[in-house]
$ cat data-v8.csv   # CSV, C-alpha atoms and all ligand atoms
chain,number,residue,atom,x,y,z
A,1,MET,CA,25.3,275.1,138.4
A,2,ILE,CA,22.5,273.2,140.2
A,3,GLY,CA,19.5,275.4,139.8
A,4,ILE,CA,16.7,276.2,142.3
A,5,ALA,CA,13.9,275.2,139.8
A,6,ASP,CA,13.4,273.2,136.6
A,7,THR,CA,10.9,275.0,134.4
A,8,ARG,CA,11.5,273.0,131.2
A,9,LEU,CA,8.5,271.6,129.4
A,10,THR,CA,8.5,268.1,127.9
A,11,GLU,CA,8.2,267.5,124.2
A,12,ASP,CA,4.6,266.3,124.8
A,13,GLU,CA,3.7,269.5,126.6
A,14,ILE,CA,5.2,271.6,123.8
A,15,ALA,CA,3.4,269.5,121.2
A,16,ALA,CA,0.1,270.0,123.1
A,17,ALA,CA,0.6,273.8,123.1
A,18,VAL,CA,1.6,273.8,119.5
A,19,SER,CA,-1.5,271.8,118.5
A,20,VAL,CA,-3.7,274.6,120.1
A,21,LEU,CA,-1.6,277.3,118.4
A,22,ARG,CA,-2.1,275.5,115.0
A,23,SER,CA,-5.9,275.2,115.7
A,24,GLY,CA,-6.3,278.9,116.0
A,25,ALA,CA,-8.6,278.5,119.0
A,26,LEU,CA,-6.3,280.3,121.3
A,27,ARG,CA,-8.7,281.8,123.9
A,28,GLN,CA,-10.2,280.0,126.9
A,29,GLY,CA,-12.3,277.2,125.4
A,30,LYS,CA,-12.6,273.4,125.2
A,31,VAL,CA,-9.1,272.6,126.3
A,32,SER,CA,-9.5,274.8,129.4
A,33,ASP,CA,-12.8,273.0,130.2
A,34,ALA,CA,-11.0,269.7,129.9
A,35,PHE,CA,-8.2,270.9,132.2
A,36,GLU,CA,-10.8,272.0,134.8
A,37,THR,CA,-12.5,268.6,134.6
A,38,ALA,CA,-9.2,266.7,134.9
A,39,PHE,CA,-7.9,268.9,137.8
A,40,ALA,CA,-11.1,268.7,139.8
A,41,ALA,CA,-11.0,264.9,139.4
A,42,LYS,CA,-7.4,264.8,140.4
A,43,VAL,CA,-7.8,266.8,143.7
A,44,GLY,CA,-11.3,265.6,144.5
A,45,ALA,CA,-13.0,269.0,144.3
A,46,LYS,CA,-16.5,269.5,142.9
A,47,HIS,CA,-15.5,272.5,140.8
A,48,ALA,CA,-12.2,273.6,139.4
A,49,ILE,CA,-12.1,277.0,137.6
A,50,THR,CA,-9.1,278.1,135.6
A,51,CYS,CA,-7.9,281.6,135.7
A,52,ALA,CA,-5.0,283.9,134.7
A,53,ASN,CA,-2.7,283.2,137.7
A,54,GLY,CA,-2.7,282.3,141.4
A,55,SER,CA,-3.2,285.9,142.4
A,56,ALA,CA,-6.3,286.1,140.2
A,57,ALA,CA,-7.6,282.9,141.9
A,58,LEU,CA,-7.4,284.6,145.3
A,59,HIS,CA,-8.8,287.9,143.9
A,60,LEU,CA,-11.8,286.2,142.4
A,61,VAL,CA,-12.6,284.5,145.7
A,62,TYR,CA,-12.6,287.8,147.5
A,63,MET,CA,-14.7,289.4,144.8
A,64,ALA,CA,-17.2,286.6,144.9
A,65,ASP,CA,-17.7,286.2,148.6
A,66,PHE,CA,-16.5,289.2,150.6
A,67,GLU,CA,-17.4,292.8,151.3
A,68,PRO,CA,-15.2,295.8,151.9
A,69,GLY,CA,-14.6,296.1,155.7
A,70,ASP,CA,-14.4,292.4,156.2
A,71,GLU,CA,-11.2,291.0,157.7
A,72,VAL,CA,-9.2,287.9,156.9
A,73,LEU,CA,-6.5,286.2,159.0
A,74,VAL,CA,-3.4,285.5,157.0
A,75,PRO,CA,0.1,284.3,157.9
A,76,ALA,CA,2.9,286.9,157.9
A,77,PHE,CA,5.4,284.5,156.4
A,78,THR,CA,4.1,284.1,152.8
A,79,PHE,CA,4.1,285.7,149.4
A,80,ILE,CA,2.3,289.1,149.3
A,81,ALA,CA,-0.6,287.9,147.2
A,82,THR,CA,-2.0,285.9,150.1
A,83,ALA,CA,-2.8,289.3,151.7
A,84,SER,CA,-2.8,291.8,148.9
A,85,MET,CA,-5.6,290.2,146.9
A,86,ALA,CA,-7.9,290.7,149.9
A,87,ALA,CA,-6.6,294.2,150.4
A,88,VAL,CA,-7.4,295.3,146.8
A,89,CYS,CA,-11.0,294.3,147.5
A,90,GLY,CA,-11.1,296.4,150.7
A,91,VAL,CA,-10.9,293.3,152.8
A,92,LYS,CA,-8.3,293.9,155.6
A,93,PRO,CA,-5.7,291.2,156.0
A,94,ILE,CA,-5.0,290.6,159.7
A,95,ILE,CA,-1.4,289.5,159.7
A,96,CYS,CA,-0.6,286.7,162.1
A,97,ASP,CA,2.7,285.1,163.3
A,98,VAL,CA,3.6,281.6,162.3
A,99,ASP,CA,4.9,278.5,164.1
A,100,PRO,CA,8.7,278.4,164.4
A,101,HIS,CA,8.9,274.8,163.3
A,102,THR,CA,6.3,274.2,160.6
A,103,PHE,CA,6.5,277.9,159.4
A,104,LEU,CA,2.7,277.8,159.1
A,105,ILE,CA,0.0,280.1,160.5
A,106,ASP,CA,-0.1,280.0,164.4
A,107,LEU,CA,-3.7,279.6,165.2
A,108,ALA,CA,-3.2,280.7,168.9
A,109,ASP,CA,-1.8,284.0,167.6
A,110,ALA,CA,-4.6,284.3,165.0
A,111,GLU,CA,-7.3,283.7,167.6
A,112,LYS,CA,-6.1,286.8,169.6
A,113,ARG,CA,-6.6,288.9,166.5
A,114,ILE,CA,-10.2,288.0,165.8
A,115,THR,CA,-12.7,290.9,165.8
A,116,PRO,CA,-16.4,291.0,164.9
A,117,ARG,CA,-15.4,291.9,161.4
A,118,THR,CA,-13.3,288.8,160.9
A,119,LYS,CA,-15.0,286.7,158.2
A,120,ALA,CA,-12.3,284.3,157.0
A,121,ILE,CA,-8.9,282.7,157.5
A,122,SER,CA,-6.5,282.2,154.6
A,123,PRO,CA,-3.9,279.6,155.6
A,124,VAL,CA,-0.9,278.8,153.3
A,125,HIS,CA,0.4,275.3,152.9
A,126,LEU,CA,3.8,277.0,152.8
A,127,PHE,CA,6.5,275.3,150.7
A,128,GLY,CA,4.1,272.4,150.3
A,129,ASN,CA,3.8,271.6,154.0
A,130,PRO,CA,0.1,271.0,154.7
A,131,LEU,CA,-1.6,272.7,157.6
A,132,ASN,CA,-3.3,270.5,160.2
A,133,ILE,CA,-6.6,270.8,158.3
A,134,ASP,CA,-8.7,269.4,161.1
A,135,ALA,CA,-7.4,272.1,163.5
A,136,VAL,CA,-8.1,274.9,160.9
A,137,GLN,CA,-11.6,273.6,160.3
A,138,THR,CA,-12.4,273.4,164.0
A,139,PHE,CA,-11.0,276.9,164.4
A,140,ALA,CA,-13.1,278.2,161.5
A,141,GLN,CA,-16.3,276.6,162.8
A,142,LYS,CA,-15.7,278.0,166.3
A,143,HIS,CA,-15.4,281.5,165.0
A,144,GLY,CA,-17.8,281.3,162.0
A,145,LEU,CA,-15.1,281.9,159.4
A,146,LYS,CA,-14.7,280.8,155.8
A,147,ILE,CA,-11.5,279.2,154.8
A,148,ILE,CA,-9.5,280.3,151.7
A,149,TRP,CA,-6.7,277.8,151.3
A,150,ASP,CA,-3.7,279.4,149.6
A,151,ALA,CA,-2.4,276.2,147.8
A,152,ALA,CA,-0.1,278.1,145.3
A,153,GLN,CA,2.8,276.0,146.5
A,154,SER,CA,1.2,272.8,147.5
A,155,HIS,CA,-0.1,270.8,144.5
A,156,GLY,CA,0.0,267.2,145.6
A,157,ALA,CA,0.2,267.8,149.4
A,158,LEU,CA,-2.0,265.5,151.4
A,159,TRP,CA,-3.7,265.8,154.8
A,160,LYS,CA,-4.2,262.4,156.4
A,161,GLY,CA,-3.9,260.9,152.9
A,162,THR,CA,-6.5,263.2,151.3
A,163,ASP,CA,-5.5,265.8,148.7
A,164,ILE,CA,-5.5,269.3,150.1
A,165,GLY,CA,-7.6,270.4,147.1
A,166,ASP,CA,-10.5,268.3,148.5
A,167,PHE,CA,-11.4,270.7,151.3
A,168,ASP,CA,-13.9,273.6,151.7
A,169,ASP,CA,-14.3,276.5,151.2
A,170,TYR,CA,-11.9,277.5,148.5
A,171,VAL,CA,-8.5,276.2,147.4
A,172,CYS,CA,-6.4,278.5,145.2
A,173,TYR,CA,-3.5,277.2,143.0
A,174,SER,CA,-0.8,278.9,141.0
A,175,PHE,CA,0.9,277.4,137.9
A,176,TYR,CA,3.8,279.9,137.8
A,177,PRO,CA,6.9,278.3,136.3
A,178,SER,CA,8.7,277.5,139.6
A,179,LYS,CA,5.7,275.8,141.1
A,180,ASN,CA,5.2,272.0,141.5
A,181,MET,CA,2.9,272.2,138.4
A,182,PHE,CA,3.6,275.0,135.9
A,183,VAL,CA,2.1,276.3,132.6
A,184,GLY,CA,3.7,279.8,132.5
A,185,GLU,CA,1.1,282.0,134.0
A,186,GLY,CA,-2.0,280.3,135.3
A,187,GLY,CA,-4.2,279.6,138.3
A,188,MET,CA,-7.2,277.5,139.5
A,189,VAL,CA,-9.9,277.9,142.1
A,190,CYS,CA,-11.3,274.7,143.6
A,191,THR,CA,-14.6,274.8,145.5
A,192,ASN,CA,-17.4,272.4,146.4
A,193,ASP,CA,-19.9,275.3,146.5
A,194,ASP,CA,-22.1,275.5,143.3
A,195,ASP,CA,-23.1,279.1,143.8
A,196,ALA,CA,-19.6,280.3,144.5
A,197,ALA,CA,-18.3,278.4,141.5
A,198,HIS,CA,-20.9,280.1,139.3
A,199,ARG,CA,-20.1,283.6,140.6
A,200,ILE,CA,-16.3,283.0,140.1
A,201,ARG,CA,-16.9,281.9,136.6
A,202,TYR,CA,-18.7,285.1,135.6
A,203,LEU,CA,-16.4,287.4,137.6
A,204,ARG,CA,-13.6,285.8,135.6
A,205,MET,CA,-15.4,287.0,132.4
A,206,HIS,CA,-16.3,290.7,133.2
A,207,GLY,CA,-19.4,289.8,135.2
A,208,GLN,CA,-21.1,288.5,132.1
A,209,THR,CA,-24.1,286.3,132.8
A,210,GLY,CA,-25.4,286.4,129.2
A,211,LYS,CA,-24.0,287.3,125.8
A,212,TYR,CA,-22.8,291.0,126.3
A,213,TYR,CA,-25.0,291.1,129.4
A,214,HIS,CA,-23.1,292.1,132.6
A,215,THR,CA,-24.7,291.8,136.0
A,216,SER,CA,-21.7,292.7,138.0
A,217,LEU,CA,-18.3,294.3,137.6
A,218,GLY,CA,-15.7,291.6,136.8
A,219,LEU,CA,-12.3,291.2,135.2
A,220,ASN,CA,-10.7,289.4,132.3
A,221,TYR,CA,-9.0,286.7,134.2
A,222,ARG,CA,-9.3,283.9,131.7
A,223,LEU,CA,-6.6,281.3,131.0
A,224,THR,CA,-5.8,280.7,127.4
A,225,ASP,CA,-6.2,277.2,125.9
A,226,VAL,CA,-2.4,277.2,125.1
A,227,GLU,CA,-1.6,277.2,128.8
A,228,ALA,CA,-4.5,274.8,129.6
A,229,ALA,CA,-3.1,272.4,127.0
A,230,ILE,CA,0.3,272.4,128.8
A,231,GLY,CA,-1.5,271.9,132.2
A,232,LEU,CA,-3.6,269.1,130.9
A,233,GLU,CA,-0.6,267.3,129.5
A,234,GLN,CA,1.5,268.0,132.6
A,235,MET,CA,-1.0,266.4,134.9
A,236,LYS,CA,0.2,263.1,133.5
A,237,ARG,CA,3.6,263.6,135.1
A,238,LEU,CA,2.6,265.5,138.2
A,239,ASP,CA,2.7,262.4,140.4
A,240,ALA,CA,6.1,261.4,139.0
A,241,MET,CA,7.5,264.9,139.6
A,242,LEU,CA,6.2,264.9,143.2
A,243,GLU,CA,7.7,261.5,143.8
A,244,ILE,CA,11.2,262.9,142.8
A,245,ARG,CA,10.7,265.9,145.0
A,246,ARG,CA,9.9,263.6,147.9
A,247,ARG,CA,12.8,261.4,147.2
A,248,ASN,CA,15.1,264.4,147.0
A,249,ALA,CA,13.7,265.9,150.2
A,250,ALA,CA,14.3,262.6,152.0
A,251,ALA,CA,17.9,262.5,150.9
A,252,LEU,CA,18.4,266.1,151.9
A,253,THR,CA,16.8,265.5,155.3
A,254,ALA,CA,19.1,262.5,155.9
A,255,GLY,CA,22.2,264.2,154.6
A,256,LEU,CA,21.7,267.4,156.5
A,257,SER,CA,20.8,266.0,159.8
A,258,GLY,CA,23.1,266.5,162.8
A,259,ILE,CA,24.8,269.7,161.5
A,260,ALA,CA,25.1,272.2,164.4
A,261,GLY,CA,23.2,275.4,163.7
A,262,LEU,CA,21.1,274.0,160.8
A,263,SER,CA,17.5,273.1,161.3
A,264,LEU,CA,14.8,272.0,158.8
A,265,GLN,CA,11.1,272.7,158.3
A,266,LYS,CA,9.1,270.3,160.5
A,267,VAL,CA,6.6,268.3,158.4
A,268,THR,CA,3.1,268.6,159.9
A,269,PRO,CA,2.3,265.3,161.6
A,270,GLN,CA,-0.2,263.3,159.5
A,271,GLY,CA,0.6,265.5,156.6
A,272,THR,CA,2.4,264.6,153.3
A,273,HIS,CA,4.6,267.4,152.2
A,274,ALA,CA,4.8,268.3,148.5
A,275,TRP,CA,8.3,269.9,148.8
A,276,HIS,CA,7.8,273.0,146.6
A,277,GLN,CA,10.8,274.3,148.6
A,278,PHE,CA,13.2,272.6,150.9
A,279,CYS,CA,14.2,275.3,153.5
A,280,VAL,CA,16.8,275.3,156.2
A,281,LEU,CA,17.3,277.7,159.1
A,282,VAL,CA,20.9,278.9,159.7
A,283,GLU,CA,21.9,279.9,163.3
A,284,PRO,CA,25.2,281.7,162.6
A,285,ALA,CA,26.8,281.3,166.0
A,286,GLU,CA,26.5,277.5,165.8
A,287,PHE,CA,26.7,277.0,162.0
A,288,GLY,CA,29.7,279.2,161.6
A,289,CYS,CA,28.4,281.6,159.0
A,290,THR,CA,25.2,283.6,158.3
A,291,ARG,CA,22.4,282.6,155.9
A,292,ASP,CA,23.7,285.1,153.3
A,293,GLN,CA,27.3,283.8,153.6
A,294,LEU,CA,26.0,280.2,153.2
A,295,ALA,CA,24.2,281.3,150.0
A,296,GLU,CA,27.5,282.7,148.7
A,297,ARG,CA,29.5,279.6,149.7
A,298,LEU,CA,27.0,277.4,147.9
A,299,GLN,CA,27.1,279.6,144.8
A,300,ALA,CA,30.9,279.3,144.8
A,301,GLN,CA,30.4,275.5,144.8
A,302,GLY,CA,27.9,275.6,141.9
A,303,VAL,CA,24.7,275.3,144.0
A,304,ALA,CA,21.9,277.9,143.7
A,305,SER,CA,19.7,278.8,146.6
A,306,GLY,CA,16.9,281.3,147.4
A,307,VAL,CA,15.5,283.4,150.2
A,308,HIS,CA,11.8,282.9,150.7
A,309,TYR,CA,11.0,285.3,152.3
A,310,PRO,CA,13.4,288.1,153.3
A,311,ARG,CA,10.7,289.9,155.3
A,312,GLY,CA,7.3,289.2,156.7
A,313,LEU,CA,4.2,290.7,155.2
A,314,HIS,CA,3.9,293.1,158.2
A,315,GLN,CA,7.3,294.5,157.2
A,316,GLN,CA,6.3,295.2,153.6
A,317,PRO,CA,6.3,299.0,153.1
A,318,ILE,CA,2.8,299.0,151.6
A,319,PHE,CA,1.2,297.2,154.6
A,320,GLU,CA,3.2,299.3,157.1
A,321,GLN,CA,1.7,302.3,155.3
A,322,MET,CA,-1.8,300.9,155.2
A,323,TYR,CA,-2.1,299.2,158.6
A,324,GLY,CA,0.8,300.5,160.7
A,325,LYS,CA,3.9,298.8,162.1
A,326,CYS,CA,3.9,295.7,164.3
A,327,ALA,CA,6.3,293.1,165.5
A,328,LEU,CA,6.0,289.4,164.7
A,329,PRO,CA,9.1,287.8,166.2
A,330,VAL,CA,8.9,284.3,164.8
A,331,THR,CA,8.3,285.5,161.2
A,332,GLU,CA,11.2,288.0,161.6
A,333,ARG,CA,13.6,285.3,162.8
A,334,LEU,CA,12.6,283.1,159.9
A,335,ALA,CA,13.1,285.9,157.4
A,336,ASP,CA,16.6,286.5,158.8
A,337,THR,CA,17.7,282.8,158.8
A,338,ILE,CA,15.9,280.9,156.1
A,339,LEU,CA,17.5,279.5,152.9
A,340,ALA,CA,15.9,277.3,150.2
A,341,LEU,CA,18.0,274.6,148.7
A,342,PRO,CA,17.4,272.8,145.4
A,343,VAL,CA,14.8,270.0,145.7
A,344,HIS,CA,13.0,270.0,142.4
A,345,HIS,CA,12.1,267.2,140.0
A,346,GLY,CA,15.0,267.9,137.6
A,347,LEU,CA,17.7,266.9,140.2
A,348,SER,CA,19.4,263.5,140.1
A,349,ALA,CA,20.5,261.7,143.2
A,350,ALA,CA,24.1,262.8,142.5
A,351,ASP,CA,22.9,266.4,142.3
A,352,VAL,CA,21.3,266.1,145.7
A,353,GLU,CA,24.5,264.6,147.1
A,354,THR,CA,26.4,267.6,145.7
A,355,VAL,CA,24.0,269.9,147.5
A,356,VAL,CA,24.5,268.1,150.8
A,357,ASP,CA,28.3,268.1,150.4
A,358,ALA,CA,28.3,271.8,149.6
A,359,VAL,CA,26.3,272.6,152.7
A,360,ARG,CA,28.5,270.4,154.9
A,361,LYS,CA,31.6,272.0,153.5
A,362,SER,CA,30.2,275.5,154.1
A,363,ALA,CA,29.5,274.8,157.8
A,364,GLY,CA,32.1,276.7,159.8
A,365,ALA,CA,34.3,276.9,156.7
A,401,LIG,C1,1.8,281.6,148.6
A,401,LIG,C2,1.5,282.2,147.3
A,401,LIG,N1,0.3,282.7,147.1
A,401,LIG,C3,0.0,283.2,145.9
A,401,LIG,C4,0.8,283.3,144.8
A,401,LIG,C5,0.4,284.0,143.6
A,401,LIG,O1,0.5,283.2,142.4
A,401,LIG,P1,0.8,283.8,141.0
A,401,LIG,O2,2.3,284.2,141.0
A,401,LIG,O3,0.5,282.7,140.0
A,401,LIG,O4,-0.1,285.0,140.8
A,401,LIG,C6,2.1,282.7,145.0
A,401,LIG,C7,3.1,282.7,143.8
A,401,LIG,O5,4.2,283.0,144.0
A,401,LIG,C8,2.5,282.2,146.2
A,401,LIG,O6,3.7,281.6,146.4

$ encode --input "data-v8.csv" --output "structure tokens"
Amino acid sequence: MIGIADTRLTEDEIAAAVSVLRSGALRQGKVSDAFETAFAAKVGAKHAITCANGSAALHLVYMADFEPGDEVLVPAFTFIATASMAAVCGVKPIICDVDPHTFLIDLADAEKRITPRTKAISPVHLFGNPLNIDAVQTFAQKHGLKIIWDAAQSHGALWKGTDIGDFDDYVCYSFYPSKNMFVGEGGMVCTNDDDAAHRIRYLRMHGQTGKYYHTSLGLNYRLTDVEAAIGLEQMKRLDAMLEIRRRNAAALTAGLSGIAGLSLQKVTPQGTHAWHQFCVLVEPAEFGCTRDQLAERLQAQGVASGVHYPRGLHQQPIFEQMYGKCALPVTERLADTILALPVHHGLSAADVETVVDAVRKSAGA
């Protein structure tokens, strides 16, 4: 079976983790500090702050810089944490529709939803496809908004050749096993703001600003040095893994072009995609079967696939309950027709060919 992700660690990554285990210094310490320094240098940010996971990264930003009653614009087509980490802080996520081609937040739709309480926008570089960062920055400046980039899926994505981690105000990463970079559970907040970085560091540690001296309510969101050791070691192969993802995506794009009823995510012009996921849209009338039938046919040919996401955030029961129902037609269409195919760094060129053949054989079969 050709899997949808490759979450295996290398022998060097395992050895780095074992070395921390042997040292007995398991908690967040020197290795975590070294991981932060290396990650900040890699993406070009002034500060990188490790934390327990990508959700914690977003949560810490909302705790550090926002008040209950504030509003943040978020795309409907994303993982729940993009919105829920605001909501748990009393910040209302204003759920916006997305572009049908790039699958990224639609700024024209977002603009209609701005109120005097709107304080931020949290765009997601979905599946590794970078937003047009210039457009988002112009939008944010026009409306006086902060930007919280959800970069959970986009390690290594570039905007006009610059790493997406190099932009203000906050860039939040996840190191969950399926991500482009993975340590188990882990996250990182990048920012160029000294004060915000300081606040996030002490919120990560129970609001402690001196030894057993707590000046605000915080959480224990520390990363352990075991995970940091894996991350530090894995940074050495990040570029090579990204190169394989890009090679695979190019082969999939070429191999799947021209199939009636099958369309691909449009890469943002001037952006460099990091291919966390390679997603296709299936139009049943032209393709010859539904998205779910395609998934079954691929499975029968030894190819795994995934549905990200089967519903928009506005269709999640908790948000319907909290904020009421609404219709977001582009997101709903994507949710009904999208399918992720294997693109990860563990695939050989022959595996990718198998995926292409399996999709072609499924069309109208
Ligand atoms: C877009 C997005 N945001 C946030 C997160 C949260 O990251 P984590 O699972 O590390 O908490 C994820 C992870 O799946 C994600 O895909």

$ closest_atom_pairs --input "data-v8.csv" --of "chain A" --to "ligand LIG 401 (chain A)" --cutoff "6 Å" --atoms "all atoms listed in the file" --output "CSV"
residue,atom,partner,partner_atom,distance
A:Asn53,CA,A:LIG401,O3,4.0
A:Gly54,CA,A:LIG401,O1,3.5
A:Ser55,CA,A:LIG401,O4,3.6
A:Thr78,CA,A:LIG401,C1,5.4
A:Phe79,CA,A:LIG401,C1,4.8
A:Ala81,CA,A:LIG401,C3,4.9
A:Thr82,CA,A:LIG401,N1,5.0
A:Asp150,CA,A:LIG401,N1,5.8
A:Ala152,CA,A:LIG401,C2,4.8
A:Gln153,CA,A:LIG401,O6,5.7
A:Ser174,CA,A:LIG401,O3,4.1
A:Phe175,CA,A:LIG401,O3,5.7
A:Tyr176,CA,A:LIG401,O3,4.9
A:Gly186,CA,A:LIG401,O3,5.8
A:Gly187,CA,A:LIG401,O3,5.9

$ residues_around --input "data-v8.csv" --residues "segment 314-317 of chain A" --least-positions-apart "5" --cutoff "9 Å" --atoms "all atoms listed in the file" --output "PyMOL selection string"
chain A and resi 76-77+80+95-96+322-328+332

$ residues_around --input "data-v8.csv" --residues "Ala5 of chain A" --least-positions-apart "5" --cutoff "8 Å" --atoms "only C-alpha atoms" --output "list of chain:residue names"
A:Ser178, A:Pro342, A:Val343, A:His344, A:Gly346

$ write_last_selection --input "data-v8.csv" --atoms "C-alpha atoms" --output "mmCIF file, in the frame of the given file"
data_model
loop_
_atom_site.group_PDB
_atom_site.id
_atom_site.type_symbol
_atom_site.label_atom_id
_atom_site.label_comp_id
_atom_site.auth_asym_id
_atom_site.auth_seq_id
_atom_site.Cartn_x
_atom_site.Cartn_y
_atom_site.Cartn_z
ATOM 1 C CA SER A 178 8.700 277.500 139.600
ATOM 2 C CA PRO A 342 17.400 272.800 145.400
ATOM 3 C CA VAL A 343 14.800 270.000 145.700
ATOM 4 C CA HIS A 344 13.000 270.000 142.400
ATOM 5 C CA GLY A 346 15.000 267.900 137.600
#

$ atom_distance --input "data-v8.csv" --atom1 "atom CA of Val356 of chain A" --atom2 "atom CA of Leu126 of chain A"
22.6 Å

$ closest_residue --input "data-v8.csv" --among "A:Cys190, A:Val183, A:Val61, A:Val88" --to "Gly44 of chain A" --atoms "all atoms listed in the file"
A:Cys190

$ residues_around --input "data-v8.csv" --residues "Pro284 of chain A" --least-positions-apart "6" --cutoff "8 Å" --atoms "only C-alpha atoms" --output "list in words"
Gly261, Thr290 and Arg291 of chain A

$ closest_residue --input "data-v8.csv" --among "A:Asp65, A:Glu353, A:Glu71, A:Glu320" --to "Ala120 of chain A" --atoms "all atoms listed in the file"
A:Glu71

$ atom_distance --input "data-v8.csv" --atom1 "atom CA of Gly271 of chain A" --atom2 "atom CA of Ala151 of chain A"
14.2 Å

$ closest_residue --input "data-v8.csv" --among "A:Ala349, A:Ala41, A:Ile318, A:Leu145" --to "Asp166 of chain A" --atoms "only C-alpha atoms"
A:Ala41

$ closest_residue --input "data-v8.csv" --among "A:His155, A:His308, A:Arg22, A:His47" --to "Asp239 of chain A" --atoms "all atoms listed in the file"
A:His155

$ closest_residue --input "data-v8.csv" --among "A:Ala45, A:Leu203, A:Leu262, A:Ala87" --to "Ala64 of chain A" --atoms "all atoms listed in the file"
A:Leu203

$ residues_around --input "data-v8.csv" --residues "Ala34 of chain A" --least-positions-apart "4" --cutoff "8 Å" --atoms "all atoms listed in the file" --output "PyMOL selection string"
chain A and resi 30+38+232
